[in-house]
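Structure data (compact mmCIF, C-alpha atoms) from coords38.txt:
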```
# COMPACT_ATOMS: atom_id res chain seq x y z
CA MET S 1 72.61 20.10 321.44
CA LEU S 2 74.58 20.61 318.23
CA ARG S 3 72.63 22.14 315.37
CA LEU S 4 74.52 21.63 312.12
CA VAL S 5 73.49 24.11 309.46
CA PHE S 6 74.86 23.63 305.97
CA VAL S 7 74.75 27.03 304.30
CA GLU S 8 74.27 27.88 300.61
CA ALA S 9 74.32 24.18 299.73
CA SER S 10 74.93 23.71 296.01
CA LEU S 11 71.64 21.85 295.62
CA GLU S 12 68.81 22.97 293.35
CA THR S 13 66.64 21.84 290.47
CA ILE S 14 67.55 22.93 286.97
CA PRO S 15 66.57 26.60 286.48
CA LYS S 16 64.02 27.33 283.75
CA SER S 17 66.52 29.58 281.98
CA ILE S 18 68.63 26.57 280.93
CA ALA S 19 65.91 23.90 280.78
CA ASN S 20 66.05 23.82 276.97
CA HIS S 21 69.80 23.50 276.63
CA PRO S 22 70.77 20.39 274.61
CA SER S 23 72.88 18.89 277.46
CA VAL S 24 69.88 19.20 279.79
CA LEU S 25 67.36 17.87 277.29
CA SER S 26 69.42 14.80 276.44
CA ASP S 27 69.86 13.98 280.13
CA ALA S 28 66.12 14.50 280.73
CA LYS S 29 65.26 12.19 277.85
CA ARG S 30 67.60 9.47 279.07
CA ARG S 31 66.23 9.73 282.61
CA LYS S 32 62.62 10.18 281.50
CA LYS S 33 62.26 13.29 283.68
CA ARG S 34 61.15 16.86 283.09
CA PRO S 35 64.23 19.11 282.90
CA THR S 36 63.09 21.37 285.74
CA GLU S 37 62.47 18.36 288.00
CA MET S 38 66.08 17.23 287.77
CA ILE S 39 68.85 18.25 290.17
CA LEU S 40 71.44 20.55 288.57
CA ASP S 41 74.74 18.66 288.25
CA ASP S 42 77.87 20.26 286.89
CA SER S 43 79.23 16.86 285.83
CA LYS S 44 76.27 16.46 283.44
CA HIS S 45 75.09 20.00 282.70
CA HIS S 46 78.40 21.80 282.54
CA LEU S 47 77.85 23.38 279.13
CA ALA S 48 74.34 24.51 280.01
CA MET S 49 75.60 26.20 283.18
CA LYS S 50 77.82 28.70 281.36
CA SER S 51 75.07 31.31 281.36
CA LEU S 52 74.14 30.94 285.06
CA GLU S 53 74.92 33.58 287.64
CA LYS S 54 77.34 32.46 290.39
CA ARG S 55 77.92 29.30 288.41
CA GLU S 56 81.10 28.47 290.31
CA LYS S 57 78.98 27.81 293.42
CA ARG S 58 76.27 25.76 291.70
CA GLY S 59 75.58 22.24 290.45
CA ARG S 60 77.57 20.35 293.07
CA PRO S 61 75.05 18.22 295.02
CA ASP S 62 77.83 15.71 295.74
CA ILE S 63 79.09 18.11 298.42
CA ILE S 64 75.96 18.12 300.57
CA HIS S 65 75.52 14.39 299.94
CA GLN S 66 78.89 13.53 301.45
CA CYS S 67 78.52 16.00 304.33
CA LEU S 68 75.10 14.64 305.27
CA LEU S 69 76.30 11.03 305.17
CA LEU S 70 79.13 11.85 307.54
CA ALA S 71 76.92 13.86 309.90
CA LEU S 72 74.24 11.15 309.99
CA ASP S 73 76.90 8.44 310.50
CA SER S 74 78.02 10.10 313.70
CA PRO S 75 76.65 8.61 316.92
CA ILE S 76 76.09 12.10 318.39
CA GLU S 77 72.65 11.85 319.90
CA ASP S 78 71.57 15.43 320.40
CA LEU S 79 72.12 16.53 316.84
CA GLU S 80 69.87 18.58 314.57
CA ILE S 81 70.59 19.03 310.88
CA PHE S 82 69.36 21.74 308.50
CA VAL S 83 70.36 22.35 304.91
CA HIS S 84 70.03 25.91 303.65
CA THR S 85 70.39 25.99 299.86
CA ILE S 86 71.86 28.51 297.47
CA ASN S 87 68.25 29.49 296.68
CA ASP S 88 67.43 30.17 300.36
CA ILE S 89 65.36 27.03 300.84
CA VAL S 90 65.76 25.42 304.27
CA ILE S 91 65.46 21.62 304.44
CA TRP S 92 65.04 19.80 307.75
CA ILE S 93 66.81 16.45 307.96
CA ASN S 94 65.48 13.90 310.43
CA ARG S 95 68.48 12.74 312.41
CA GLU S 96 67.31 9.11 312.02
CA THR S 97 67.19 9.29 308.22
CA ARG S 98 69.12 6.58 306.42
CA LEU S 99 70.16 8.59 303.43
CA PRO S 100 71.05 6.68 300.20
CA ARG S 101 74.82 6.25 300.19
CA ASN S 102 74.86 5.84 296.43
CA TYR S 103 75.14 9.21 294.70
CA ASN S 104 72.67 8.49 291.90
CA ARG S 105 70.05 7.30 294.39
CA PHE S 106 70.61 10.39 296.51
CA ILE S 107 69.95 12.56 293.45
CA GLY S 108 66.72 10.66 292.81
CA LEU S 109 65.65 11.25 296.42
CA MET S 110 66.42 14.97 296.23
CA GLU S 111 64.37 15.23 293.02
CA ASP S 112 61.52 13.59 294.89
CA LEU S 113 61.95 16.00 297.80
CA PHE S 114 61.87 19.10 295.61
CA LYS S 115 58.79 17.77 293.81
CA LYS S 116 56.79 16.69 296.87
CA GLY S 117 58.20 18.98 299.56
CA GLU S 118 58.56 16.10 301.99
CA ILE S 119 59.87 12.52 302.14
CA LYS S 120 58.01 10.22 304.50
CA ALA S 121 58.54 6.67 305.76
CA ASP S 122 57.28 5.98 309.27
CA GLY S 123 57.26 9.73 309.88
CA THR S 124 58.97 12.61 308.08
CA LEU S 125 62.55 11.99 306.99
CA LEU S 126 63.21 15.14 304.97
CA LYS S 127 61.12 18.27 304.64
CA ILE S 128 61.33 21.57 302.81
CA THR S 129 60.38 24.04 305.54
CA ASP S 130 59.17 27.61 305.33
CA LEU S 131 61.98 28.68 307.66
CA SER S 132 64.68 31.16 306.74
CA LEU S 133 68.38 30.85 307.57
CA ARG S 134 67.79 33.49 310.24
CA ASP S 135 65.06 31.34 311.80
CA VAL S 136 67.38 28.37 312.35
CA LEU S 137 70.17 30.51 313.79
CA ARG S 138 68.57 33.23 315.88
CA ASP S 139 67.80 31.33 319.06
CA ARG S 140 71.30 30.22 319.91
CA LYS S 141 75.03 30.86 319.81
CA VAL S 142 76.26 30.75 316.21
CA VAL S 143 79.66 29.51 315.03
CA VAL S 144 80.59 29.95 311.38
CA MET S 145 83.35 27.76 309.99
CA SER S 146 85.42 30.00 307.76
CA GLU S 147 89.02 30.10 306.62
CA LYS S 148 88.90 33.78 307.55
CA GLY S 149 88.04 33.00 311.17
CA LYS S 150 90.29 32.46 314.15
CA GLU S 151 92.04 29.16 314.70
CA LYS S 152 90.45 28.08 317.94
CA ASP S 153 88.36 25.38 319.53
CA ILE S 154 85.08 24.86 317.69
CA GLY S 155 83.20 24.80 320.96
CA SER S 156 80.54 22.64 322.49
CA GLY S 157 77.18 22.95 324.17
CA ASP S 158 74.08 24.52 322.61
CA VAL S 159 75.38 25.95 319.42
CA ALA S 160 74.51 26.23 315.74
CA VAL S 161 77.54 25.52 313.58
CA CYS S 162 77.39 26.85 310.01
CA ILE S 163 79.34 25.08 307.28
CA GLY S 164 79.37 26.35 303.70
CA ALA S 165 78.35 23.51 301.36
CA PHE S 166 79.42 25.03 298.06
CA PRO S 167 82.60 24.35 296.06
CA HIS S 168 84.31 27.73 295.72
CA GLY S 169 84.23 31.30 296.90
CA ASP S 170 82.82 32.92 300.00
CA PHE S 171 79.46 33.06 301.72
CA ASP S 172 77.03 35.43 300.06
CA GLU S 173 77.34 38.96 301.44
CA LYS S 174 73.76 38.93 302.81
CA ASN S 175 74.54 35.81 304.80
CA VAL S 176 77.78 37.29 306.14
CA GLU S 177 75.75 40.29 307.28
CA LEU S 178 73.27 37.98 309.00
CA PHE S 179 76.13 36.15 310.76
CA ARG S 180 77.53 39.48 311.98
CA GLU S 181 74.13 40.70 313.13
CA LEU S 182 73.76 37.51 315.17
CA ASN S 183 77.21 38.03 316.72
CA ALA S 184 78.45 34.80 315.21
CA GLU S 185 81.94 33.62 315.98
CA PHE S 186 84.07 32.86 312.90
CA VAL S 187 86.28 29.81 313.46
CA SER S 188 88.97 28.38 311.18
CA ILE S 189 90.39 24.84 311.33
CA ALA S 190 93.24 25.15 308.87
CA LYS S 191 95.59 27.66 307.35
CA ARG S 192 94.33 27.00 303.85
CA PRO S 193 90.86 26.56 302.33
CA VAL S 194 89.44 23.16 303.22
CA THR S 195 86.45 21.26 301.87
CA ALA S 196 82.98 21.12 303.38
CA LEU S 197 83.46 17.38 303.95
CA TYR S 198 86.67 17.88 305.90
CA THR S 199 85.12 20.74 307.88
CA THR S 200 82.15 18.53 308.77
CA CYS S 201 84.59 15.85 309.90
CA ARG S 202 86.36 18.22 312.26
CA VAL S 203 83.13 19.67 313.65
CA ILE S 204 81.63 16.22 314.22
CA SER S 205 84.81 15.00 315.93
CA SER S 206 84.89 18.07 318.12
CA PHE S 207 81.37 17.42 319.40
CA GLN S 208 81.79 13.71 319.78
CA ARG S 209 80.79 12.78 323.32
CA ILE S 210 82.01 9.18 323.27
CA SER S 211 85.65 8.71 324.18
CA PRO S 212 88.32 9.50 323.15
CA MET J 1 103.86 9.61 309.63
CA LEU J 2 100.33 8.24 309.44
CA ARG J 3 99.81 5.38 307.02
CA LEU J 4 96.09 4.89 306.37
CA VAL J 5 95.29 1.41 305.10
CA PHE J 6 91.77 0.73 303.93
CA VAL J 7 91.26 -3.02 304.26
CA GLU J 8 89.05 -5.32 302.16
CA ALA J 9 87.70 -2.34 300.23
CA SER J 10 84.51 -3.26 298.39
CA LEU J 11 86.09 -2.36 295.04
CA GLU J 12 86.52 -4.78 292.16
CA THR J 13 85.69 -5.28 288.51
CA ILE J 14 82.73 -7.48 287.62
CA PRO J 15 83.70 -11.14 288.08
CA LYS J 16 83.54 -13.36 285.00
CA SER J 17 80.99 -15.63 286.68
CA ILE J 18 78.29 -12.94 286.43
CA ALA J 19 79.50 -11.08 283.32
CA ASN J 20 76.64 -12.49 281.24
CA HIS J 21 73.84 -11.65 283.65
CA PRO J 22 71.17 -9.46 281.98
CA SER J 23 71.54 -6.61 284.52
CA VAL J 24 75.28 -6.52 283.80
CA LEU J 25 74.90 -6.79 280.02
CA SER J 26 72.37 -3.97 279.83
CA ASP J 27 74.59 -1.69 281.90
CA ALA J 28 77.61 -2.62 279.73
CA LYS J 29 75.67 -1.85 276.57
CA ARG J 30 74.52 1.51 277.90
CA ARG J 31 78.03 2.47 278.98
CA LYS J 32 79.71 0.92 275.93
CA LYS J 33 82.10 -1.07 278.11
CA ARG J 34 83.07 -4.73 278.39
CA PRO J 35 81.29 -6.26 281.40
CA THR J 36 84.51 -7.39 283.07
CA GLU J 37 86.02 -3.92 282.72
CA MET J 38 83.24 -2.31 284.77
CA ILE J 39 83.33 -1.77 288.53
CA LEU J 40 80.88 -4.00 290.41
CA ASP J 41 78.11 -1.82 291.85
CA ASP J 42 75.33 -3.23 294.00
CA SER J 43 73.04 -0.33 293.03
CA LYS J 44 73.19 -1.47 289.39
CA HIS J 45 74.09 -5.15 289.51
CA HIS J 46 72.12 -6.22 292.54
CA LEU J 47 70.29 -9.09 290.85
CA ALA J 48 73.46 -10.40 289.23
CA MET J 49 75.24 -10.45 292.60
CA LYS J 50 72.91 -13.00 294.17
CA SER J 51 75.21 -15.87 293.20
CA LEU J 52 78.43 -14.26 294.48
CA GLU J 53 80.29 -15.48 297.56
CA LYS J 54 80.46 -12.92 300.42
CA ARG J 55 78.05 -10.75 298.48
CA GLU J 56 77.18 -8.65 301.52
CA LYS J 57 80.72 -7.25 301.47
CA ARG J 58 80.89 -6.57 297.73
CA GLY J 59 79.81 -4.03 295.13
CA ARG J 60 80.06 -0.91 297.31
CA PRO J 61 82.73 1.31 295.72
CA ASP J 62 80.95 4.36 297.17
CA ILE J 63 82.49 3.48 300.55
CA ILE J 64 86.13 3.75 299.50
CA HIS J 65 85.29 6.78 297.34
CA GLN J 66 83.98 8.77 300.31
CA CYS J 67 86.77 7.63 302.65
CA LEU J 68 89.46 8.58 300.15
CA LEU J 69 87.93 12.01 299.54
CA LEU J 70 87.92 12.72 303.25
CA ALA J 71 91.48 11.45 303.79
CA LEU J 72 92.82 13.42 300.81
CA ASP J 73 90.93 16.55 301.96
CA SER J 74 92.80 16.55 305.23
CA PRO J 75 95.78 18.91 305.47
CA ILE J 76 97.85 16.24 307.27
CA GLU J 77 101.20 16.44 305.53
CA ASP J 78 102.94 13.20 306.45
CA LEU J 79 100.17 10.90 305.28
CA GLU J 80 100.40 7.76 303.18
CA ILE J 81 97.33 6.02 301.79
CA PHE J 82 96.91 2.44 300.63
CA VAL J 83 93.75 0.64 299.57
CA HIS J 84 93.70 -3.14 300.04
CA THR J 85 90.75 -4.63 298.18
CA ILE J 86 88.52 -7.58 298.89
CA ASN J 87 90.51 -9.44 296.21
CA ASP J 88 93.83 -8.73 297.97
CA ILE J 89 94.98 -6.11 295.49
CA VAL J 90 96.92 -3.23 297.08
CA ILE J 91 96.55 0.20 295.46
CA TRP J 92 98.89 3.06 296.30
CA ILE J 93 97.26 6.51 296.38
CA ASN J 94 99.46 9.52 295.81
CA ARG J 95 98.68 11.92 298.63
CA GLU J 96 98.53 14.80 296.14
CA THR J 97 95.88 13.11 293.97
CA ARG J 98 92.80 15.20 293.30
CA LEU J 99 90.29 12.40 293.13
CA PRO J 100 87.04 13.01 291.21
CA ARG J 101 84.44 14.08 293.76
CA ASN J 102 81.62 12.97 291.49
CA TYR J 103 80.79 9.30 292.04
CA ASN J 104 80.29 8.40 288.40
CA ARG J 105 83.60 9.97 287.44
CA PHE J 106 85.33 8.13 290.28
CA ILE J 107 83.94 4.86 288.92
CA GLY J 108 85.29 5.73 285.47
CA LEU J 109 88.71 6.42 286.97
CA MET J 110 88.74 3.14 288.89
CA GLU J 111 87.83 1.26 285.69
CA ASP J 112 90.79 2.94 284.03
CA LEU J 113 93.04 2.00 286.93
CA PHE J 114 92.07 -1.68 286.88
CA LYS J 115 92.58 -1.76 283.10
CA LYS J 116 95.93 0.06 282.95
CA GLY J 117 97.35 -0.68 286.40
CA GLU J 118 98.34 2.96 286.90
CA ILE J 119 96.94 6.47 286.51
CA LYS J 120 99.48 9.13 285.60
CA ALA J 121 99.41 12.92 285.29
CA ASP J 122 102.67 14.68 286.07
CA GLY J 123 103.78 11.55 287.92
CA THR J 124 101.88 8.58 289.26
CA LEU J 125 98.57 9.34 290.99
CA LEU J 126 97.23 5.83 291.58
CA LYS J 127 98.95 2.50 291.10
CA ILE J 128 98.10 -1.15 291.53
CA THR J 129 101.15 -2.46 293.35
CA ASP J 130 102.47 -5.98 293.77
CA LEU J 131 102.49 -5.52 297.54
CA SER J 132 100.46 -7.61 299.97
CA LEU J 133 98.56 -6.33 302.99
CA ARG J 134 101.37 -7.77 305.11
CA ASP J 135 103.92 -5.71 303.16
CA VAL J 136 102.25 -2.39 303.96
CA LEU J 137 101.84 -3.24 307.66
CA ARG J 138 104.89 -5.16 308.75
CA ASP J 139 107.38 -2.34 309.22
CA ARG J 140 105.46 -0.33 311.81
CA LYS J 141 103.03 -0.27 314.71
CA VAL J 142 99.57 -1.38 313.53
CA VAL J 143 96.24 -0.11 314.84
CA VAL J 144 93.05 -1.78 313.63
CA MET J 145 89.80 0.15 313.97
CA SER J 146 87.23 -2.39 315.11
CA GLU J 147 84.03 -2.27 317.10
CA LYS J 148 85.46 -5.23 319.00
CA GLY J 149 88.51 -3.26 320.11
CA LYS J 150 89.08 -1.17 323.21
CA GLU J 151 87.71 2.35 323.47
CA LYS J 152 90.92 4.29 323.71
CA ASP J 153 92.97 6.96 322.04
CA ILE J 154 93.72 6.10 318.41
CA GLY J 155 97.32 7.09 318.86
CA SER J 156 99.81 9.15 316.96
CA GLY J 157 103.32 8.94 315.60
CA ASP J 158 104.54 6.34 313.09
CA VAL J 159 101.62 4.03 312.81
CA ALA J 160 99.56 2.17 310.20
CA VAL J 161 95.85 2.52 310.92
CA CYS J 162 93.62 -0.11 309.31
CA ILE J 163 90.01 0.76 308.48
CA GLY J 164 87.63 -1.79 306.99
CA ALA J 165 86.10 -0.34 303.82
CA PHE J 166 83.28 -2.82 303.32
CA PRO J 167 79.59 -2.43 304.23
CA HIS J 168 78.82 -5.29 306.61
CA GLY J 169 80.42 -8.06 308.61
CA ASP J 170 83.88 -8.57 310.00
CA PHE J 171 87.37 -8.60 308.59
CA ASP J 172 88.23 -11.86 306.83
CA GLU J 173 89.66 -14.43 309.21
CA LYS J 174 93.01 -14.52 307.38
CA ASN J 175 93.38 -10.76 307.85
CA VAL J 176 92.47 -10.97 311.54
CA GLU J 177 95.20 -13.60 311.88
CA LEU J 178 97.65 -11.29 310.15
CA PHE J 179 96.71 -8.43 312.50
CA ARG J 180 97.26 -10.69 315.51
CA GLU J 181 100.57 -11.96 314.19
CA LEU J 182 101.73 -8.35 313.81
CA ASN J 183 100.65 -7.56 317.39
CA ALA J 184 98.14 -5.03 316.15
CA GLU J 185 96.17 -3.01 318.66
CA PHE J 186 92.38 -3.15 318.16
CA VAL J 187 90.75 0.21 318.85
CA SER J 188 87.06 1.08 318.96
CA ILE J 189 85.57 4.58 318.66
CA ALA J 190 81.94 3.87 319.46
CA LYS J 191 79.76 1.45 321.32
CA ARG J 192 77.91 0.42 318.18
CA PRO J 193 79.04 -0.42 314.63
CA VAL J 194 80.00 2.73 312.75
CA THR J 195 80.67 3.35 309.08
CA ALA J 196 84.05 3.44 307.36
CA LEU J 197 83.46 7.12 306.56
CA TYR J 198 82.84 8.03 310.18
CA THR J 199 85.82 5.95 311.29
CA THR J 200 88.04 7.74 308.77
CA CYS J 201 86.73 11.05 310.12
CA ARG J 202 87.71 10.19 313.68
CA VAL J 203 91.13 8.83 312.68
CA ILE J 204 91.90 11.89 310.57
CA SER J 205 90.81 14.24 313.34
CA SER J 206 92.90 12.36 315.86
CA PHE J 207 96.04 12.80 313.77
CA GLN J 208 95.36 16.38 312.83
CA ARG J 209 98.41 18.44 313.73
CA ILE J 210 96.91 21.88 313.16
CA SER J 211 95.05 23.31 316.13
CA PRO J 212 92.68 22.68 317.75
```
As structure tokens:
Amino acid sequence: MLRLVFVEASLETIPKSIANHPSVLSDAKRRKKRPTEMILDDSKHHLAMKSLEKREKRGRPDIIHQCLLLALDSPIEDLEIFVHTINDIVIWINRETRLPRNYNRFIGLMEDLFKKGEIKADGTLLKITDLSLRDVLRDRKVVVMSEKGKEKDIGSGDVAVCIGAFPHGDFDEKNVELFRELNAEFVSIAKRPVTALYTTCRVISSFQRISP
Amino acid sequence: MLRLVFVEASLETIPKSIANHPSVLSDAKRRKKRPTEMILDDSKHHLAMKSLEKREKRGRPDIIHQCLLLALDSPIEDLEIFVHTINDIVIWINRETRLPRNYNRFIGLMEDLFKKGEIKADGTLLKITDLSLRDVLRDRKVVVMSEKGKEKDIGSGDVAVCIGAFPHGDFDEKNVELFRELNAEFVSIAKRPVTALYTTCRVISSFQRISP
């Protein structure tokens, strides 16, 4: 059983502190949404984001979108998927979910999820849980994909593989401490920083049961 | 040297025959573009597309966007990338291109490319060539990723790997004939149809030189 855990995903609704910025308000008006019900998107709210803490890690929902599409596309059967966000929310992704492949539709779905807490259609597809990152890691071997890790085989078997789903920088210090406390193994797949999408590709391929 | 060739990519500007459809005109007005200079997008122009031939294979530029991001993210050094479109246009992609990761920005860039024929910034990044699909395949061993192929190793070395970049259905008959004429090997990676993104993932991983 592979448990994929995307960590510190750059996915959140617009924080109140910037909800009245002109670039947010004009987008909200055009989309007929409340500012704080919209997903933060650096490509639209760049100017508004200047005042945000850790802004270089925020407003990039395209990253988790592409990673989730690739993970869900894989025929791996015994696969679990969790998304931990930059705000410490943990989202459970039903492995059978057919996620919108179009970016703008994905954003609409995420806005729905943050508003309702759950997306249903013949059962639950996506759900904001009350779990912590620790909860989804503590019952199994943990592998953390990190350019600072060792270049070695990603592994197989019952394992939780953590992939950072933010654009720049390192994992938050409190999460690094959690990884260490759980005796996580830090594994690198390349000699230079690589994207979350490429990392997901390599992890998925490594766990692929069907030949080759 | 791996040459990745995305075949029949679902990427084109809006055909004249539907340029006056209301769903196209309203989008053109909003974006302040000429209808025929916009990229066809099923998520926006769905109603207009009803009259198009082979419509199930068209209007899905998200597919080639995600495949290109993944291919360009890979650290494979000796990699060439070509995109053959459903209209038999062949686009050369500079391996060093930093493609927009945001979908809407990618669409804007593709509109620019179809208008100007080339995107430059310190050299050519993307270029519409006068090559045919045959031209980019005929000088090397050809592997075609196809659910109808044999489950076997994708290969390595000097090879052109063809990946269909359309949402449904098979390669066009004339392209299948070309593959056969070139003695292409048909390779499958799963027992059921898989997406272009997942196929790209497996091909990229297979050619990855850096351990593991």
- Message: List as a ChimeraX atom specification the protein and nucleic acid residues near J:Val144, meaning an atom at most 9 Å away when all atoms listed in the file are counted, but skip any in the same chain fewer than 6 places from it.
- Response: /J:160-164,179,184-188
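Among the candidate residues J:Cys67, J:Leu52, J:Leu40, J:Leu125, the one lying nearest to chain S is J:Cys67, with distances computed using only C-alpha atoms.
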- Item | Pick from J:Arg180, J:Arg101, J:Lys127, J:Arg95, whichever lies nearest to J:Leu113 using only C-alpha atoms | J:Lys127
- Query: Of the residues S:Thr129, S:Asn20, S:Ser74, S:Thr36, which is the one nearest to chain J, using only C-alpha atoms?
  - Reply: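 Checking each candidate against chain J, we get S:Ser74 as the closest.
Picture a line from atom CA of S:Pro35 to atom CA of S:Ile14; it runs 6.5 Å.
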- If you measure from atom CA of J:Glu53 to atom CA of J:Ser17, what distance in Å do you get, rounded to one decimal?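 Answer for the atom CA of J:Glu53 to atom CA of J:Ser17 separation: 10.9 Å.
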Residues of chain J within 6 Å of chain S, counting all atoms listed in the file, as an mmCIF file with C-alpha atoms, in the coordinates of the input:
```cif
data_model
loop_
_atom_site.group_PDB
_atom_site.id
_atom_site.type_symbol
_atom_site.label_atom_id
_atom_site.label_comp_id
_atom_site.auth_asym_id
_atom_site.auth_seq_id
_atom_site.Cartn_x
_atom_site.Cartn_y
_atom_site.Cartn_z
ATOM 1 C CA LEU J 70 87.920 12.720 303.250
ATOM 2 C CA ASP J 73 90.930 16.550 301.960
ATOM 3 C CA LYS J 152 90.920 4.290 323.710
ATOM 4 C CA ASP J 153 92.970 6.960 322.040
ATOM 5 C CA TYR J 198 82.840 8.030 310.180
ATOM 6 C CA CYS J 201 86.730 11.050 310.120
ATOM 7 C CA PRO J 212 92.680 22.680 317.750
#
```
- Can you tell me, as a count of residues only, what residues are no more than 9 Å from J:Ser23 when counting all atoms listed in the file, ignoring any on the same chain fewer than 5 positions away? 6
- Message: Can you tell me which residues surround S:Leu131 at a distance of at most 12 Å, considering only C-alpha atoms, apart from same-chain residues fewer than 3 positions away, and format the answer as number ranges by chain?
- Response: S: 82-85, 88-92, 127-128, 134-138
Export of the given selection (C-alpha atoms) as a PDB file, in the frame of the given file:
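Output below, filename selection_39.pdb:
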```
ATOM      1  CA  PHE S  82      69.360  21.740 308.500  1.00  0.00           C
ATOM      2  CA  VAL S  83      70.360  22.350 304.910  1.00  0.00           C
ATOM      3  CA  HIS S  84      70.030  25.910 303.650  1.00  0.00           C
ATOM      4  CA  THR S  85      70.390  25.990 299.860  1.00  0.00           C
ATOM      5  CA  ASP S  88      67.430  30.170 300.360  1.00  0.00           C
ATOM      6  CA  ILE S  89      65.360  27.030 300.840  1.00  0.00           C
ATOM      7  CA  VAL S  90      65.760  25.420 304.270  1.00  0.00           C
ATOM      8  CA  ILE S  91      65.460  21.620 304.440  1.00  0.00           C
ATOM      9  CA  TRP S  92      65.040  19.800 307.750  1.00  0.00           C
ATOM     10  CA  LYS S 127      61.120  18.270 304.640  1.00  0.00           C
ATOM     11  CA  ILE S 128      61.330  21.570 302.810  1.00  0.00           C
ATOM     12  CA  ARG S 134      67.790  33.490 310.240  1.00  0.00           C
ATOM     13  CA  ASP S 135      65.060  31.340 311.800  1.00  0.00           C
ATOM     14  CA  VAL S 136      67.380  28.370 312.350  1.00  0.00           C
ATOM     15  CA  LEU S 137      70.170  30.510 313.790  1.00  0.00           C
ATOM     16  CA  ARG S 138      68.570  33.230 315.880  1.00  0.00           C
TER      17      ARG S 138
END
```
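The two atoms in question, atom CA of J:Asp158 and atom CA of J:Leu4, are spaced 10.9 Å apart.
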